[in-house]
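Novice: File query12.txt below, compact mmCIF, C-alpha atoms:
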# COMPACT_ATOMS: atom_id res chain seq x y z
CA MET A 1 -19.67 13.30 13.56
CA ASN A 2 -16.53 11.25 13.89
CA GLY A 3 -16.22 7.51 13.24
CA HIS A 4 -16.96 6.51 16.83
CA GLN A 5 -20.11 8.63 16.91
CA HIS A 6 -21.32 7.12 13.63
CA TYR A 7 -20.74 3.64 15.05
CA GLN A 8 -22.64 4.49 18.24
CA ARG A 9 -25.55 5.90 16.23
CA ALA A 10 -25.66 2.77 14.06
CA GLU A 11 -25.86 0.65 17.25
CA GLU A 12 -28.65 2.84 18.64
CA ILE A 13 -30.66 2.57 15.42
CA ALA A 14 -30.16 -1.21 15.29
CA ALA A 15 -31.39 -1.46 18.88
CA GLU A 16 -34.48 0.57 17.94
CA CYS A 17 -35.13 -1.86 15.07
CA ALA A 18 -34.91 -4.78 17.48
CA ARG A 19 -37.21 -3.09 19.97
CA TYR A 20 -39.88 -1.66 17.66
CA GLY A 21 -39.63 -3.90 14.62
CA VAL A 22 -37.82 -3.61 11.35
CA ASN A 23 -38.51 -0.56 9.23
CA PRO A 24 -36.62 -0.49 5.88
CA GLU A 25 -35.81 3.24 6.14
CA THR A 26 -34.44 2.80 9.65
CA VAL A 27 -32.33 -0.19 8.63
CA THR A 28 -30.95 1.86 5.74
CA LEU A 29 -30.07 4.70 8.10
CA ALA A 30 -28.23 2.29 10.40
CA GLN A 31 -26.32 0.91 7.43
CA VAL A 32 -25.34 4.43 6.32
CA HIS A 33 -23.97 5.25 9.77
CA ALA A 34 -22.05 1.95 9.91
CA THR A 35 -20.54 2.65 6.48
CA LEU A 36 -19.52 6.16 7.53
CA ALA A 37 -17.93 4.74 10.69
CA LEU A 38 -15.91 2.30 8.58
CA ALA A 39 -14.84 5.07 6.18
CA ALA A 40 -13.71 7.25 9.07
CA ALA A 41 -11.74 4.39 10.64
CA THR A 42 -10.04 3.66 7.33
CA ALA A 43 -9.14 7.32 6.85
CA ASP A 44 -7.74 7.52 10.38
CA ALA A 45 -5.59 4.43 9.83
CA THR A 46 -4.33 5.76 6.49
CA ASN A 47 -3.43 9.13 8.01
CA PHE A 48 -1.69 7.43 10.94
CA ARG A 49 0.36 5.24 8.58
CA ARG A 50 1.30 8.20 6.36
CA ASP A 51 2.37 10.26 9.38
CA LEU A 52 4.36 7.34 10.80
CA TYR A 53 6.35 6.92 7.59
CA ALA A 54 6.82 10.69 7.24
CA GLY A 55 8.06 10.89 10.84
CA ASN A 56 10.72 8.30 10.03
CA GLY A 57 11.73 10.15 6.87
CA GLU A 58 10.44 7.37 4.63
CA GLU A 59 8.01 7.23 1.73
CA LEU A 60 4.93 5.02 1.87
CA PRO A 61 5.46 1.74 0.00
CA GLY A 62 3.77 1.71 -3.36
CA THR A 63 3.66 5.49 -3.72
CA LYS A 64 6.81 5.83 -5.76
CA THR A 65 6.17 6.79 -9.35
CA ALA A 66 6.68 3.84 -11.68
CA LYS A 67 8.59 4.39 -14.89
CA SER A 68 6.76 3.85 -18.14
CA ARG A 69 7.72 0.99 -20.45
CA ALA A 70 9.43 3.46 -22.81
CA GLU A 71 11.49 4.98 -19.98
CA ARG A 72 12.59 1.51 -18.85
CA ALA A 73 13.54 0.58 -22.42
CA VAL A 74 15.62 3.74 -22.83
CA ALA A 75 17.35 3.14 -19.48
CA SER A 76 18.10 -0.48 -20.44
CA ALA A 77 19.50 0.56 -23.81
CA ALA A 78 21.65 3.24 -22.21
CA ALA A 79 22.96 0.77 -19.62
CA PHE A 80 23.72 -1.76 -22.39
CA LEU A 81 25.62 0.79 -24.46
CA ASP A 82 27.74 1.98 -21.52
Any chance you could give the structure as structure tokens?
Specialist:
Amino acid sequence: MNGHQHYQRAEEIAAECARYGVNPETVTLAQVHATLALAAATADATNFRRDLYAGNGEELPGTKTAKSRAERAVASAAAFLD
């Protein structure tokens, strides 16, 4: 199932709860489908963003490897001595 299908199934289950009464297992199933729909939408947005940056020859912000404190200290000392 994709995200849209999970969302549709969650709506169908919620409608069944409204029609036939609330059953805890059914409510839980609806919640699971809604959560899976949200996870799929988030993954799709992340993939879209990654592909957009890659298509422009750029790197995603925040994905660059940060230097450790020791590496920064060595670079600062080397710059000071030059």
Novice: Near Thr35 in chain A, counting all atoms listed in the file, which residues have an atom at most 12 Å away, once you skip same-chain residues fewer than 2 positions from it, shown as number ranges by chain?
Specialist: A: 3-4, 6-7, 9-10, 28-33, 37-42
Novice: What is the CA of Ala34 in chain A-CA of Gln5 in chain A distance in Å, reported with one decimal?
Specialist: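 Here the two named atoms are 9.9 Å from each other.
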Novice: Using all atoms listed in the file - which residues lie no farther than 12 Å from the point (-3.0, 5.0, 4.8) in the file's frame? Write them as a list in words.
Specialist: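 With a cut-off of 12 Å, the residues come to Ala39, Ala40, Ala41, Thr42, Ala43, Asp44, Ala45, Thr46, Asn47, Phe48, Arg49, Arg50, Asp51, Leu52, Tyr53, Ala54, Glu59, Leu60, Pro61, Gly62 and Thr63 of chain A.
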Novice: Could you model N, CA and C atoms for range 45-59 of chain A and present them as a compact mmCIF listing (two decimals), in the coordinates of the input?
Specialist:
# COMPACT_ATOMS: atom_id res chain seq x y z
N ALA A 45 -6.71 5.37 9.92
CA ALA A 45 -5.59 4.43 9.83
C ALA A 45 -4.63 4.85 8.72
N THR A 46 -5.16 5.32 7.60
CA THR A 46 -4.33 5.76 6.49
C THR A 46 -3.51 6.99 6.90
N ASN A 47 -4.15 7.93 7.56
CA ASN A 47 -3.43 9.13 8.01
C ASN A 47 -2.36 8.77 9.03
N PHE A 48 -2.66 7.86 9.94
CA PHE A 48 -1.69 7.43 10.94
C PHE A 48 -0.47 6.80 10.27
N ARG A 49 -0.72 5.93 9.29
CA ARG A 49 0.36 5.24 8.58
C ARG A 49 1.22 6.24 7.81
N ARG A 50 0.57 7.19 7.12
CA ARG A 50 1.30 8.20 6.36
C ARG A 50 2.18 9.03 7.30
N ASP A 51 1.62 9.45 8.43
CA ASP A 51 2.37 10.26 9.38
C ASP A 51 3.52 9.47 10.01
N LEU A 52 3.31 8.18 10.23
CA LEU A 52 4.36 7.34 10.80
C LEU A 52 5.54 7.24 9.84
N TYR A 53 5.27 6.99 8.58
CA TYR A 53 6.35 6.92 7.59
C TYR A 53 7.04 8.27 7.44
N ALA A 54 6.25 9.35 7.39
CA ALA A 54 6.82 10.69 7.24
C ALA A 54 7.70 11.04 8.44
N GLY A 55 7.28 10.64 9.63
CA GLY A 55 8.06 10.89 10.84
C GLY A 55 9.40 10.17 10.84
N ASN A 56 9.47 9.05 10.14
CA ASN A 56 10.72 8.30 10.03
C ASN A 56 11.52 8.69 8.80
N GLY A 57 11.03 9.70 8.06
CA GLY A 57 11.73 10.15 6.87
C GLY A 57 11.65 9.17 5.71
N GLU A 58 10.60 8.37 5.68
CA GLU A 58 10.44 7.37 4.63
C GLU A 58 9.21 7.70 3.78
N GLU A 59 9.16 7.07 2.62
CA GLU A 59 8.01 7.23 1.73
C GLU A 59 7.15 5.98 1.86
